[in-house]
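Okay, start18.csv now, which holds CSV, C-alpha atoms:
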chain,number,residue,atom,x,y,z
A,376,MET,CA,19.2,-25.7,-47.5
A,377,THR,CA,18.2,-27.8,-44.5
A,378,ALA,CA,21.1,-26.5,-42.4
A,379,ARG,CA,20.2,-22.9,-43.3
A,380,ARG,CA,16.6,-23.5,-42.2
A,381,THR,CA,17.7,-25.0,-39.0
A,382,ILE,CA,20.0,-22.1,-38.2
A,383,THR,CA,17.3,-19.6,-39.1
A,384,GLY,CA,14.8,-21.4,-37.0
A,385,ALA,CA,17.1,-21.5,-34.0
A,386,LEU,CA,17.9,-17.8,-34.4
A,387,ALA,CA,14.2,-17.0,-34.6
A,388,THR,CA,13.5,-19.0,-31.4
A,389,GLY,CA,16.3,-17.2,-29.7
A,390,LEU,CA,15.0,-13.8,-30.7
A,391,LEU,CA,11.5,-14.6,-29.6
A,392,THR,CA,12.8,-15.8,-26.2
A,393,ALA,CA,14.7,-12.6,-25.8
A,394,ALA,CA,11.8,-10.5,-26.8
A,395,ALA,CA,9.5,-12.3,-24.4
A,396,ALA,CA,11.9,-11.5,-21.5
A,397,LEU,CA,11.4,-7.8,-22.2
A,398,LEU,CA,7.6,-7.9,-22.1
A,399,PRO,CA,5.9,-7.0,-18.8
A,400,LEU,CA,4.9,-9.9,-16.6
A,401,GLN,CA,1.2,-10.5,-16.8
A,402,PRO,CA,-0.6,-10.4,-13.5
A,403,ALA,CA,-1.2,-13.9,-12.0
A,404,ALA,CA,-4.9,-14.7,-11.7
A,405,ALA,CA,-6.0,-14.1,-8.2
A,406,ALA,CA,-7.1,-17.1,-6.2
A,407,GLY,CA,-10.1,-16.9,-4.0
A,408,ASP,CA,-13.7,-15.5,-4.2
A,409,GLY,CA,-14.3,-12.0,-5.3
A,410,SER,CA,-17.4,-12.0,-3.1
A,411,LEU,CA,-15.2,-11.8,0.0
A,412,PRO,CA,-15.6,-8.5,1.7
A,413,PHE,CA,-12.4,-6.5,1.6
A,414,GLY,CA,-12.0,-6.7,5.3
A,415,SER,CA,-12.4,-10.5,5.4
A,416,ALA,CA,-9.6,-11.4,2.9
A,417,THR,CA,-5.9,-11.9,3.3
A,418,THR,CA,-3.6,-10.8,0.4
A,419,VAL,CA,0.1,-10.4,0.0
A,420,GLY,CA,2.0,-7.1,-0.4
A,421,LEU,CA,5.5,-5.9,-1.4
A,422,HIS,CA,7.9,-3.7,0.5
A,423,ASN,CA,9.6,-0.7,-1.1
A,424,THR,CA,8.3,-1.3,-4.6
A,425,TYR,CA,9.6,2.1,-5.7
A,426,ASP,CA,13.2,0.9,-5.3
A,427,PRO,CA,15.0,0.5,-8.6
A,428,ALA,CA,17.0,-2.4,-7.1
A,429,ALA,CA,13.7,-4.2,-6.6
A,430,PHE,CA,12.0,-3.5,-9.9
A,431,GLY,CA,13.2,-1.7,-13.0
A,432,TYR,CA,9.8,0.0,-13.3
A,433,LEU,CA,7.1,0.4,-10.8
A,434,ALA,CA,4.6,-1.3,-13.1
A,435,GLN,CA,6.6,-4.5,-12.9
A,436,SER,CA,5.7,-4.7,-9.2
A,437,LEU,CA,2.0,-4.4,-10.1
A,438,ASP,CA,2.5,-7.1,-12.8
A,439,THR,CA,3.1,-9.6,-10.0
A,440,GLY,CA,-0.5,-9.3,-9.0
A,441,THR,CA,0.4,-8.0,-5.6
A,442,GLY,CA,-2.2,-6.7,-3.2
A,443,MET,CA,-0.1,-3.8,-1.9
A,444,ILE,CA,2.8,-1.6,-3.0
A,445,GLU,CA,4.8,0.7,-0.9
A,446,LEU,CA,6.0,4.2,-1.6
A,447,ASP,CA,8.3,6.3,0.6
A,448,ALA,CA,8.0,10.1,0.2
A,449,TRP,CA,9.7,13.2,1.6
A,450,THR,CA,8.1,16.7,1.8
A,451,ASP,CA,10.5,19.0,-0.1
A,452,THR,CA,9.2,22.4,1.1
A,453,ILE,CA,11.6,24.3,-1.2
A,454,THR,CA,10.3,22.9,-4.4
A,455,LYS,CA,6.9,22.0,-2.9
A,456,GLU,CA,7.4,18.5,-4.3
A,457,TRP,CA,6.8,15.1,-2.7
A,458,LYS,CA,10.1,13.3,-3.4
A,459,VAL,CA,10.0,9.5,-3.6
A,460,SER,CA,13.2,8.1,-2.2
A,461,HIS,CA,14.4,5.9,0.6
A,462,SER,CA,17.0,8.2,2.1
A,463,ASN,CA,17.4,11.4,0.1
A,464,PRO,CA,14.9,14.1,1.2
A,465,LEU,CA,15.9,16.4,-1.6
A,466,GLY,CA,16.0,14.1,-4.6
A,467,ASN,CA,13.9,11.4,-6.3
A,468,SER,CA,15.4,7.9,-6.4
A,469,ASN,CA,12.8,5.5,-7.7
A,470,ASN,CA,11.5,3.5,-10.7
A,471,CYS,CA,8.5,5.8,-11.6
A,472,VAL,CA,8.3,7.0,-15.1
A,473,ASN,CA,6.3,9.7,-16.9
A,474,ALA,CA,3.8,7.3,-18.5
A,475,SER,CA,0.5,8.4,-20.0
A,476,THR,CA,-0.1,5.1,-21.9
A,477,PRO,CA,0.4,1.4,-20.8
A,478,ALA,CA,3.3,1.0,-23.2
A,479,GLN,CA,5.2,3.9,-21.6
A,480,LEU,CA,5.1,2.2,-18.2
A,481,TYR,CA,8.2,0.1,-19.2
A,482,THR,CA,10.3,2.7,-20.9
A,483,GLY,CA,11.8,6.2,-20.3
A,484,GLY,CA,13.7,7.8,-17.5
A,485,ALA,CA,12.8,7.1,-13.9
A,486,ASN,CA,13.4,9.1,-10.7
A,487,LYS,CA,10.1,11.0,-10.7
A,488,ASN,CA,8.0,12.5,-7.9
A,489,LEU,CA,5.0,11.1,-6.0
A,490,GLU,CA,2.6,12.5,-8.6
A,491,THR,CA,4.2,10.5,-11.3
A,492,CYS,CA,4.3,7.3,-9.3
A,493,LEU,CA,0.5,7.7,-8.8
A,494,ASP,CA,0.1,8.3,-12.5
A,495,ASP,CA,1.9,5.0,-13.2
A,496,VAL,CA,-0.6,3.3,-10.8
A,497,ARG,CA,-3.6,4.9,-12.6
A,498,VAL,CA,-2.3,4.1,-16.1
A,499,TRP,CA,-1.6,0.5,-15.0
A,500,LEU,CA,-5.0,0.0,-13.5
A,501,GLY,CA,-6.6,1.5,-16.6
A,502,ALA,CA,-5.0,-1.3,-18.6
A,503,HIS,CA,-6.0,-3.9,-16.0
A,504,PRO,CA,-9.5,-2.9,-14.9
A,505,ALA,CA,-10.2,-6.3,-13.2
A,506,ALA,CA,-7.1,-6.1,-11.0
A,507,GLY,CA,-7.2,-5.1,-7.4
A,508,PRO,CA,-8.3,-3.7,-5.1
A,509,LEU,CA,-4.8,-2.4,-4.7
A,510,VAL,CA,-3.5,-1.0,-1.4
A,511,VAL,CA,-0.8,1.8,-1.6
A,512,LYS,CA,1.2,2.1,1.6
A,513,LEU,CA,2.7,5.6,1.9
A,514,GLU,CA,5.5,6.2,4.4
A,515,LEU,CA,6.0,9.9,4.9
A,516,LYS,CA,9.7,9.6,5.9
A,517,GLY,CA,9.9,13.0,7.5
A,518,GLY,CA,6.2,13.7,8.1
A,519,PHE,CA,4.0,16.5,6.9
A,520,ALA,CA,5.0,20.2,6.8
A,521,ALA,CA,1.6,21.8,6.9
A,522,ASN,CA,3.0,25.1,8.1
A,523,ARG,CA,4.9,25.3,4.8
A,524,GLY,CA,2.1,24.2,2.5
A,525,MET,CA,2.6,20.5,2.5
A,526,GLY,CA,0.1,19.1,4.9
A,527,PRO,CA,-2.8,16.6,4.8
A,528,ALA,CA,-5.0,18.8,2.7
A,529,GLN,CA,-2.3,19.2,0.0
A,530,LEU,CA,-1.7,15.4,0.1
A,531,ASP,CA,-5.4,14.8,-0.4
A,532,ALA,CA,-5.4,17.2,-3.4
A,533,LEU,CA,-2.4,15.5,-4.9
A,534,ILE,CA,-3.9,12.0,-4.6
A,535,ALA,CA,-7.3,13.1,-5.9
A,536,GLY,CA,-5.7,14.8,-8.9
A,537,HIS,CA,-3.7,11.8,-9.9
A,538,LEU,CA,-5.8,8.8,-9.0
A,539,GLY,CA,-9.2,10.4,-9.2
A,540,SER,CA,-12.3,8.2,-8.8
A,541,ALA,CA,-10.1,5.1,-8.4
A,542,VAL,CA,-9.5,6.0,-4.7
A,543,PHE,CA,-11.5,4.2,-2.1
A,544,ARG,CA,-11.9,7.1,0.5
A,545,PRO,CA,-12.8,7.1,4.1
A,546,ALA,CA,-16.2,8.6,3.0
A,547,ASP,CA,-16.8,5.5,0.9
A,548,LEU,CA,-16.3,3.3,3.9
A,549,LEU,CA,-18.8,5.5,5.8
A,550,ALA,CA,-21.5,5.3,3.2
A,551,LYS,CA,-24.3,2.9,4.1
A,552,PRO,CA,-25.6,0.8,1.2
A,553,GLY,CA,-29.2,1.9,1.7
A,554,GLY,CA,-28.4,5.6,2.2
A,555,GLY,CA,-27.0,7.6,5.0
A,556,SER,CA,-23.6,7.4,6.6
A,557,TYR,CA,-21.8,6.0,9.6
A,558,GLY,CA,-20.5,8.6,12.0
A,559,ASN,CA,-16.8,7.5,11.8
A,560,ALA,CA,-14.5,4.9,10.3
A,561,ASP,CA,-14.7,2.7,13.4
A,562,GLU,CA,-18.5,2.4,13.3
A,563,ALA,CA,-18.4,1.6,9.6
A,564,ALA,CA,-15.7,-1.0,9.9
A,565,ARG,CA,-17.3,-2.7,12.9
A,566,ALA,CA,-20.5,-2.9,11.0
A,567,GLY,CA,-18.6,-4.8,8.2
A,568,ASN,CA,-19.3,-2.0,5.7
A,569,TRP,CA,-16.3,-2.9,3.5
A,570,PRO,CA,-17.4,-3.6,-0.1
A,571,THR,CA,-16.6,-6.9,-1.7
A,572,ARG,CA,-13.3,-7.4,-3.5
A,573,SER,CA,-15.2,-7.6,-6.8
A,574,ALA,CA,-16.9,-4.3,-6.2
A,575,LEU,CA,-13.4,-2.7,-5.5
A,576,ALA,CA,-11.8,-4.0,-8.7
A,577,GLY,CA,-9.7,-1.3,-10.2
A,578,ARG,CA,-9.8,0.7,-7.0
A,579,VAL,CA,-7.0,1.9,-4.7
A,580,LEU,CA,-6.9,2.3,-0.9
A,581,VAL,CA,-4.1,4.6,0.3
A,582,TYR,CA,-2.9,4.5,3.9
A,583,VAL,CA,-0.2,6.5,5.5
A,584,ILE,CA,2.3,5.7,8.3
A,585,PRO,CA,4.8,7.9,10.1
A,586,GLY,CA,8.3,7.7,8.6
A,587,THR,CA,11.4,6.2,10.2
A,588,PHE,CA,13.1,9.6,10.2
A,589,GLU,CA,10.1,11.3,11.7
A,590,GLU,CA,9.7,8.8,14.5
A,591,SER,CA,13.4,9.2,15.5
A,592,ASN,CA,13.3,13.0,15.2
A,593,PRO,CA,13.1,14.5,18.8
A,594,PHE,CA,12.0,17.8,17.4
A,595,ASP,CA,9.0,16.4,15.7
A,596,THR,CA,6.1,16.4,18.2
A,597,LEU,CA,3.3,15.9,15.7
A,598,HIS,CA,3.5,12.7,13.8
A,599,THR,CA,1.9,11.8,10.5
A,600,ASP,CA,-0.8,9.5,12.1
A,601,VAL,CA,-1.9,12.0,14.6
A,602,GLU,CA,-1.9,14.9,12.1
A,603,TYR,CA,-4.0,13.0,9.6
A,604,GLY,CA,-6.3,11.7,12.3
A,605,ARG,CA,-7.0,15.3,13.3
A,606,HIS,CA,-7.5,16.2,9.7
A,607,LEU,CA,-10.2,13.5,9.4
A,608,ARG,CA,-11.9,14.6,12.6
A,609,ASP,CA,-12.0,18.2,11.4
A,610,LEU,CA,-13.2,17.4,7.9
A,611,ALA,CA,-16.0,15.3,9.4
A,612,SER,CA,-17.0,18.1,11.8
A,613,ALA,CA,-17.1,20.5,8.8
A,614,GLY,CA,-19.2,18.1,6.7
A,615,ARG,CA,-16.3,17.7,4.2
A,616,ILE,CA,-15.2,14.1,4.9
A,617,GLY,CA,-15.4,13.4,1.2
A,618,ASP,CA,-12.3,15.5,0.7
A,619,ALA,CA,-10.1,13.0,2.5
A,620,GLN,CA,-8.3,10.5,0.3
A,621,VAL,CA,-6.2,8.6,2.9
A,622,PHE,CA,-6.6,6.2,5.8
A,623,PRO,CA,-4.2,6.9,8.7
A,624,ALA,CA,-2.6,3.8,10.2
A,625,VAL,CA,-1.6,3.0,13.8
A,626,HIS,CA,2.1,2.1,13.4
A,627,GLY,CA,3.6,-0.6,15.5
A,628,ALA,CA,2.3,-3.8,17.0
A,629,LYS,CA,0.9,-3.4,20.5
A,630,ALA,CA,-1.4,-5.5,22.7
A,631,GLY,CA,-4.9,-4.4,23.4
A,632,ASP,CA,-6.4,-1.4,21.5
A,633,PRO,CA,-3.3,0.6,20.4
A,634,ARG,CA,-5.5,3.6,19.7
A,635,THR,CA,-5.7,4.3,23.4
A,636,GLY,CA,-2.1,5.7,23.0
A,637,TYR,CA,-3.6,8.8,21.3
A,638,GLY,CA,-4.3,11.4,23.9
A,639,ASP,CA,-7.0,13.0,21.7
A,640,ALA,CA,-9.8,10.5,22.1
A,641,ALA,CA,-11.7,12.2,19.2
A,642,ILE,CA,-9.2,10.9,16.6
A,643,ARG,CA,-9.3,7.3,17.8
A,644,PRO,CA,-12.4,6.3,15.8
A,645,TRP,CA,-10.8,7.3,12.6
A,646,PHE,CA,-8.2,4.6,12.8
A,647,VAL,CA,-9.2,1.3,11.2
A,648,VAL,CA,-5.8,0.4,9.6
A,649,PHE,CA,-3.0,-1.1,11.7
A,650,ASP,CA,0.6,-1.7,10.5
A,651,GLY,CA,3.3,-3.5,12.4
A,652,ASP,CA,5.8,-6.3,12.6
A,653,ALA,CA,4.4,-9.8,11.9
A,654,ALA,CA,6.7,-11.5,14.5
A,655,ALA,CA,5.4,-9.1,17.1
A,656,TYR,CA,1.8,-9.6,16.2
A,657,THR,CA,2.1,-13.3,16.4
A,658,GLY,CA,4.2,-13.2,19.6
A,659,GLY,CA,1.3,-13.1,22.0
A,660,ILE,CA,-1.0,-10.3,20.7
A,661,ASP,CA,-4.7,-11.2,20.3
A,662,THR,CA,-5.0,-10.5,16.6
A,663,SER,CA,-8.5,-11.9,16.5
A,664,TRP,CA,-9.5,-8.5,18.0
A,665,TYR,CA,-8.7,-6.8,14.7
A,666,ASP,CA,-10.5,-9.4,12.6
A,667,SER,CA,-13.7,-9.5,14.7
A,668,ARG,CA,-14.0,-5.7,14.2
A,669,HIS,CA,-13.1,-5.9,10.5
A,670,TYR,CA,-10.1,-3.6,10.9
A,671,LEU,CA,-7.3,-3.9,8.4
A,672,LEU,CA,-4.1,-5.5,9.8
A,673,VAL,CA,-0.9,-5.2,7.8
A,674,MET,CA,1.8,-7.6,9.0
A,675,THR,CA,5.3,-6.5,7.8
A,676,ASP,CA,8.5,-8.5,7.6
A,677,ALA,CA,6.5,-11.8,7.3
A,678,GLN,CA,9.8,-13.7,6.7
A,679,ASN,CA,10.9,-13.2,10.3
A,680,VAL,CA,8.1,-15.1,11.9
A,681,ALA,CA,9.6,-18.3,13.3
A,682,PRO,CA,10.9,-20.3,11.6
A,683,ALA,CA,12.4,-17.5,9.6
A,684,ILE,CA,12.6,-17.8,5.8
A,685,SER,CA,14.3,-15.8,3.1
A,686,ALA,CA,13.3,-12.1,3.0
A,687,THR,CA,13.6,-12.1,-0.8
A,688,ASP,CA,13.9,-15.6,-2.2
A,689,PRO,CA,12.0,-18.2,-0.3
A,690,THR,CA,10.6,-21.2,-2.2
A,691,ALA,CA,7.0,-20.7,-3.4
A,692,ASP,CA,5.9,-23.4,-0.9
A,693,GLN,CA,7.6,-21.6,2.0
A,694,ALA,CA,6.1,-18.2,1.0
A,695,ARG,CA,2.6,-19.7,0.5
A,696,ALA,CA,2.8,-21.6,3.9
A,697,ARG,CA,3.8,-18.4,5.6
A,698,THR,CA,1.0,-16.5,4.0
A,699,GLU,CA,-1.5,-19.1,5.1
A,700,GLN,CA,-0.1,-19.1,8.6
A,701,LEU,CA,-0.5,-15.3,8.9
A,702,ALA,CA,-4.0,-15.5,7.3
A,703,ARG,CA,-5.0,-17.8,10.1
A,704,ALA,CA,-3.4,-15.2,12.5
A,705,HIS,CA,-5.9,-12.6,11.1
A,706,ALA,CA,-3.6,-10.6,8.8
A,707,SER,CA,-5.3,-8.6,6.1
A,708,ILE,CA,-2.0,-8.1,4.2
A,709,VAL,CA,1.2,-10.2,4.5
A,710,SER,CA,4.1,-7.9,3.5
A,711,SER,CA,7.6,-9.0,2.4
A,712,ASP,CA,10.1,-8.6,-0.4
A,713,TRP,CA,9.1,-11.7,-2.2
A,714,ARG,CA,9.4,-10.1,-5.6
A,715,ARG,CA,9.8,-13.1,-7.9
A,716,LEU,CA,6.8,-15.1,-6.7
A,717,PRO,CA,3.7,-13.8,-8.6
A,718,ALA,CA,1.7,-17.0,-7.8
A,719,VAL,CA,2.1,-16.0,-4.1
A,720,GLN,CA,1.8,-12.2,-4.5
A,721,SER,CA,-1.6,-12.8,-6.2
A,722,LEU,CA,-3.0,-15.0,-3.5
A,723,VAL,CA,-6.4,-14.1,-2.0
A,724,LEU,CA,-7.3,-16.2,1.1
A,725,SER,CA,-10.1,-16.1,3.6
A,726,ARG,CA,-8.9,-14.3,6.7
A,727,GLY,CA,-8.9,-16.0,10.1

Rewrite the structure of this file - the entire thing - as structure tokens.
Amino acid sequence: MTARRTITGALATGLLTAAAALLPLQPAAAAGDGSLPFGSATTVGLHNTYDPAAFGYLAQSLDTGTGMIELDAWTDTITKEWKVSHSNPLGNSNNCVNASTPAQLYTGGANKNLETCLDDVRVWLGAHPAAGPLVVKLELKGGFAANRGMGPAQLDALIAGHLGSAVFRPADLLAKPGGGSYGNADEAARAGNWPTRSALAGRVLVYVIPGTFEESNPFDTLHTDVEYGRHLRDLASAGRIGDAQVFPAVHGAKAGDPRTGYGDAAIRPWFVVFDGDAAAYTGGIDTSWYDSRHYLLVMTDAQNVAPAISATDPTADQARARTEQLARAHASIVSSDWRRLPAVQSLVLSRG
């Protein structure tokens, strides 16, 4: 009888352990003060979270407590579908599922479109209302196709339709606490008009960068950042800035004010998000310029800053030290592929 109880107990323990391994990882508690303005904090982000090789389900990337996820999308003008994939412009290859409840986030078939990926984000946030704010980095691999019905306005409608009031829009940054509005995103950011992290709990900020295919395409003369910048300029002029759901980002680390590279000076004040290589930013660029103006600065490939550490599996101490190093270098988000370090992904540090 004793032996039978021992075997039964061991079997039960084994079954419980196996079952626990199938449960979603609970988000690590975020360190730091929720009273920090969003533009005054440094958090950690994950690269290519939609990739099935990175996470079986997109929700598992959110479970790490990360401050940023990344989605790559292609405009399929034949099906009028935003395909989520790294390299296939005509097919979905990702870990997004057709979830309408939290339990469904970890089951069912994947390889869905951008709408479904955003639905997964909305459902996950609904189950974790204290999480966030979450940044969604959207790389449009081939750029917009506005002349075929897949331009900035259609992207706005898609995001609004699937994330709804969770989106922190450019118009929200412009809104003054006592009423009225700043004239553009630059004015609002430089005035420090970012809400606190606590006020943005459960909210999503979406920013967009030009895609690798687009940037290398000699026939593409209108890149994503310029096209969305013009979209913001025109919406503001028409009194419809509330329609915009996305912040365009200046892509690539450059010294000085990189917005001067835009020939159309009227779009420059609509860029307050900057995205580029961490090693380049820390290689002689005055990054305090971004911090003093409360612009968001996303430093990618954090592992490559000297001395280089693993892109995927550094020790927790190495990853935390690198995050602290880049926080001192004025990063808003430290991006990498550190997928198995929730205690690092959930860090919130004072910036600068």

Per residue of segment 566-683 of chain A within 10 Å of segment 440-445 of chain A, note the shortest atom pair and the distance in Å to one decimal, counting only C-alpha atoms, and order the rows by chain and increasing residue number, as JSON lines.
{"residue": "A:Val579", "atom": "CA", "partner": "A:Met443", "partner_atom": "CA", "distance": 9.4}
{"residue": "A:Leu580", "atom": "CA", "partner": "A:Met443", "partner_atom": "CA", "distance": 9.2}
{"residue": "A:Val581", "atom": "CA", "partner": "A:Met443", "partner_atom": "CA", "distance": 9.6}
{"residue": "A:Tyr582", "atom": "CA", "partner": "A:Glu445", "partner_atom": "CA", "distance": 9.8}
{"residue": "A:Val583", "atom": "CA", "partner": "A:Glu445", "partner_atom": "CA", "distance": 10.0}
{"residue": "A:Val673", "atom": "CA", "partner": "A:Met443", "partner_atom": "CA", "distance": 9.8}

Determine, counting only C-alpha atoms, which protein, DNA and RNA residues have an atom within 6 Å of an atom of segment 491-501 of chain A; residues of the same chain fewer than 4 positions away are not included. Present the result as a tab-separated table (two decimals) with C-alpha atoms, in the frame of the given file.
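So the final result, stored in selection.tsv, reads:
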chain	number	residue	atom	x	y	z
A	471	CYS	CA	8.50	5.80	-11.60
A	487	LYS	CA	10.10	11.00	-10.70
A	537	HIS	CA	-3.70	11.80	-9.90
A	538	LEU	CA	-5.80	8.80	-9.00
A	577	GLY	CA	-9.70	-1.30	-10.20

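Minimum distance to Thr698 of chain A across A:Gly727, A:Pro527, A:Pro427, A:Gly466 (counting only C-alpha atoms) occurs at A:Gly727.
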
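Each of A:Ser573, A:Lys458, A:Pro545, A:Pro682 was checked against Arg615 of chain A using all atoms listed in the file; the smallest atom-to-atom distance is that of A:Pro545.
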
Extract, using all atoms listed in the file, all DNA, RNA and protein residues at most 10 Å from Thr424 of chain A, discarding same-chain residues fewer than 3 positions from it, and format them as a ChimeraX atom specification. /A:420-421,427-437,443-447,469-471,712,714

Writer output for current selection, C-alpha atoms, as an mmCIF file, in the coordinates of the input:
data_model
loop_
_atom_site.group_PDB
_atom_site.id
_atom_site.type_symbol
_atom_site.label_atom_id
_atom_site.label_comp_id
_atom_site.auth_asym_id
_atom_site.auth_seq_id
_atom_site.Cartn_x
_atom_site.Cartn_y
_atom_site.Cartn_z
ATOM 1 C CA GLY A 420 2.000 -7.100 -0.400
ATOM 2 C CA LEU A 421 5.500 -5.900 -1.400
ATOM 3 C CA PRO A 427 15.000 0.500 -8.600
ATOM 4 C CA ALA A 428 17.000 -2.400 -7.100
ATOM 5 C CA ALA A 429 13.700 -4.200 -6.600
ATOM 6 C CA PHE A 430 12.000 -3.500 -9.900
ATOM 7 C CA GLY A 431 13.200 -1.700 -13.000
ATOM 8 C CA TYR A 432 9.800 0.000 -13.300
ATOM 9 C CA LEU A 433 7.100 0.400 -10.800
ATOM 10 C CA ALA A 434 4.600 -1.300 -13.100
ATOM 11 C CA GLN A 435 6.600 -4.500 -12.900
ATOM 12 C CA SER A 436 5.700 -4.700 -9.200
ATOM 13 C CA LEU A 437 2.000 -4.400 -10.100
ATOM 14 C CA MET A 443 -0.100 -3.800 -1.900
ATOM 15 C CA ILE A 444 2.800 -1.600 -3.000
ATOM 16 C CA GLU A 445 4.800 0.700 -0.900
ATOM 17 C CA LEU A 446 6.000 4.200 -1.600
ATOM 18 C CA ASP A 447 8.300 6.300 0.600
ATOM 19 C CA ASN A 469 12.800 5.500 -7.700
ATOM 20 C CA ASN A 470 11.500 3.500 -10.700
ATOM 21 C CA CYS A 471 8.500 5.800 -11.600
ATOM 22 C CA ASP A 712 10.100 -8.600 -0.400
ATOM 23 C CA ARG A 714 9.400 -10.100 -5.600
#

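Using only C-alpha atoms for every distance, the candidate list A:Thr599, A:Ser725, A:Asn559, A:Thr482 yields A:Asn559 as the residue closest to Ser612 of chain A.
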
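Minimum distance to Asn592 of chain A across A:Arg565, A:Lys516, A:Lys551, A:Arg695 (counting only C-alpha atoms) occurs at A:Lys516.
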
Would you list the residues near (-8.2, 8.0, 8.7), meaning any protein, DNA or RNA residue with an atom at most 9 Å from that point in file coordinates, counting all atoms listed in the file, as a compact mmCIF listing (two decimals) with C-alpha atoms, keeping the file's coordinate frame?
# COMPACT_ATOMS: atom_id res chain seq x y z
CA PRO A 545 -12.80 7.10 4.10
CA ALA A 560 -14.50 4.90 10.30
CA TYR A 582 -2.90 4.50 3.90
CA VAL A 583 -0.20 6.50 5.50
CA ASP A 600 -0.80 9.50 12.10
CA TYR A 603 -4.00 13.00 9.60
CA GLY A 604 -6.30 11.70 12.30
CA ARG A 605 -7.00 15.30 13.30
CA HIS A 606 -7.50 16.20 9.70
CA LEU A 607 -10.20 13.50 9.40
CA ARG A 608 -11.90 14.60 12.60
CA ALA A 619 -10.10 13.00 2.50
CA GLN A 620 -8.30 10.50 0.30
CA VAL A 621 -6.20 8.60 2.90
CA PHE A 622 -6.60 6.20 5.80
CA PRO A 623 -4.20 6.90 8.70
CA ALA A 624 -2.60 3.80 10.20
CA ILE A 642 -9.20 10.90 16.60
CA PRO A 644 -12.40 6.30 15.80
CA TRP A 645 -10.80 7.30 12.60
CA PHE A 646 -8.20 4.60 12.80
CA VAL A 647 -9.20 1.30 11.20
CA VAL A 648 -5.80 0.40 9.60

Can you tell me how far atom CA of Val542 of chain A sits from atom CA of Pro508 of chain A, in Å to one decimal? 9.8 Å

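Across the model, the gap from atom CA of Ser685 of chain A to atom CA of Leu701 of chain A is 15.9 Å.
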
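Here atom CA of Ala528 of chain A and atom CA of Phe649 of chain A stand 21.9 Å from one another.
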
Find, counting all atoms listed in the file, the residue in A:Val419, A:Asp618, A:Ala611, A:Ser707 that gets nearest to Gly536 of chain A. A:Asp618

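Of the residues under consideration (A:Ala702, A:Ala691, A:Leu548, A:Val709), A:Val709 shows the shortest atom-to-atom contact distance to Asp652 of chain A when counting only C-alpha atoms.
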
Ala654 of chain A environment, 7 Å, all atoms listed in the file, sequence neighbours closer than 4 positions dropped, as a PyMOL selection string: chain A and resi 658+679-680

Would you export the selected residues with C-alpha atoms as a compact mmCIF listing (two decimals), in the frame of the given file, please?
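Listed below is the output, part.txt:
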# COMPACT_ATOMS: atom_id res chain seq x y z
CA GLY A 658 4.20 -13.20 19.60
CA ASN A 679 10.90 -13.20 10.30
CA VAL A 680 8.10 -15.10 11.90

12 Å contact set for Ala655 of chain A, only C-alpha atoms, chain neighbours under 2 positions out, as a PyMOL selection string: chain A and resi 627-630+650-653+657-662+673-677+679-681+701+704

Write out as a PDB file with C-alpha atoms, keeping the file's coordinate frame which residues come within 9 Å of Ser410 of chain A when counting all atoms listed in the file, dropping same-chain ones fewer than 3 positions away.
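So the final result, stored in out09.pdb, reads:
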ATOM      1  CA  GLY A 407     -10.100 -16.900  -4.000  1.00  0.00           C
ATOM      2  CA  PHE A 413     -12.400  -6.500   1.600  1.00  0.00           C
ATOM      3  CA  PRO A 570     -17.400  -3.600  -0.100  1.00  0.00           C
ATOM      4  CA  THR A 571     -16.600  -6.900  -1.700  1.00  0.00           C
ATOM      5  CA  ARG A 572     -13.300  -7.400  -3.500  1.00  0.00           C
ATOM      6  CA  SER A 573     -15.200  -7.600  -6.800  1.00  0.00           C
ATOM      7  CA  ALA A 574     -16.900  -4.300  -6.200  1.00  0.00           C
TER       8      ALA A 574
END
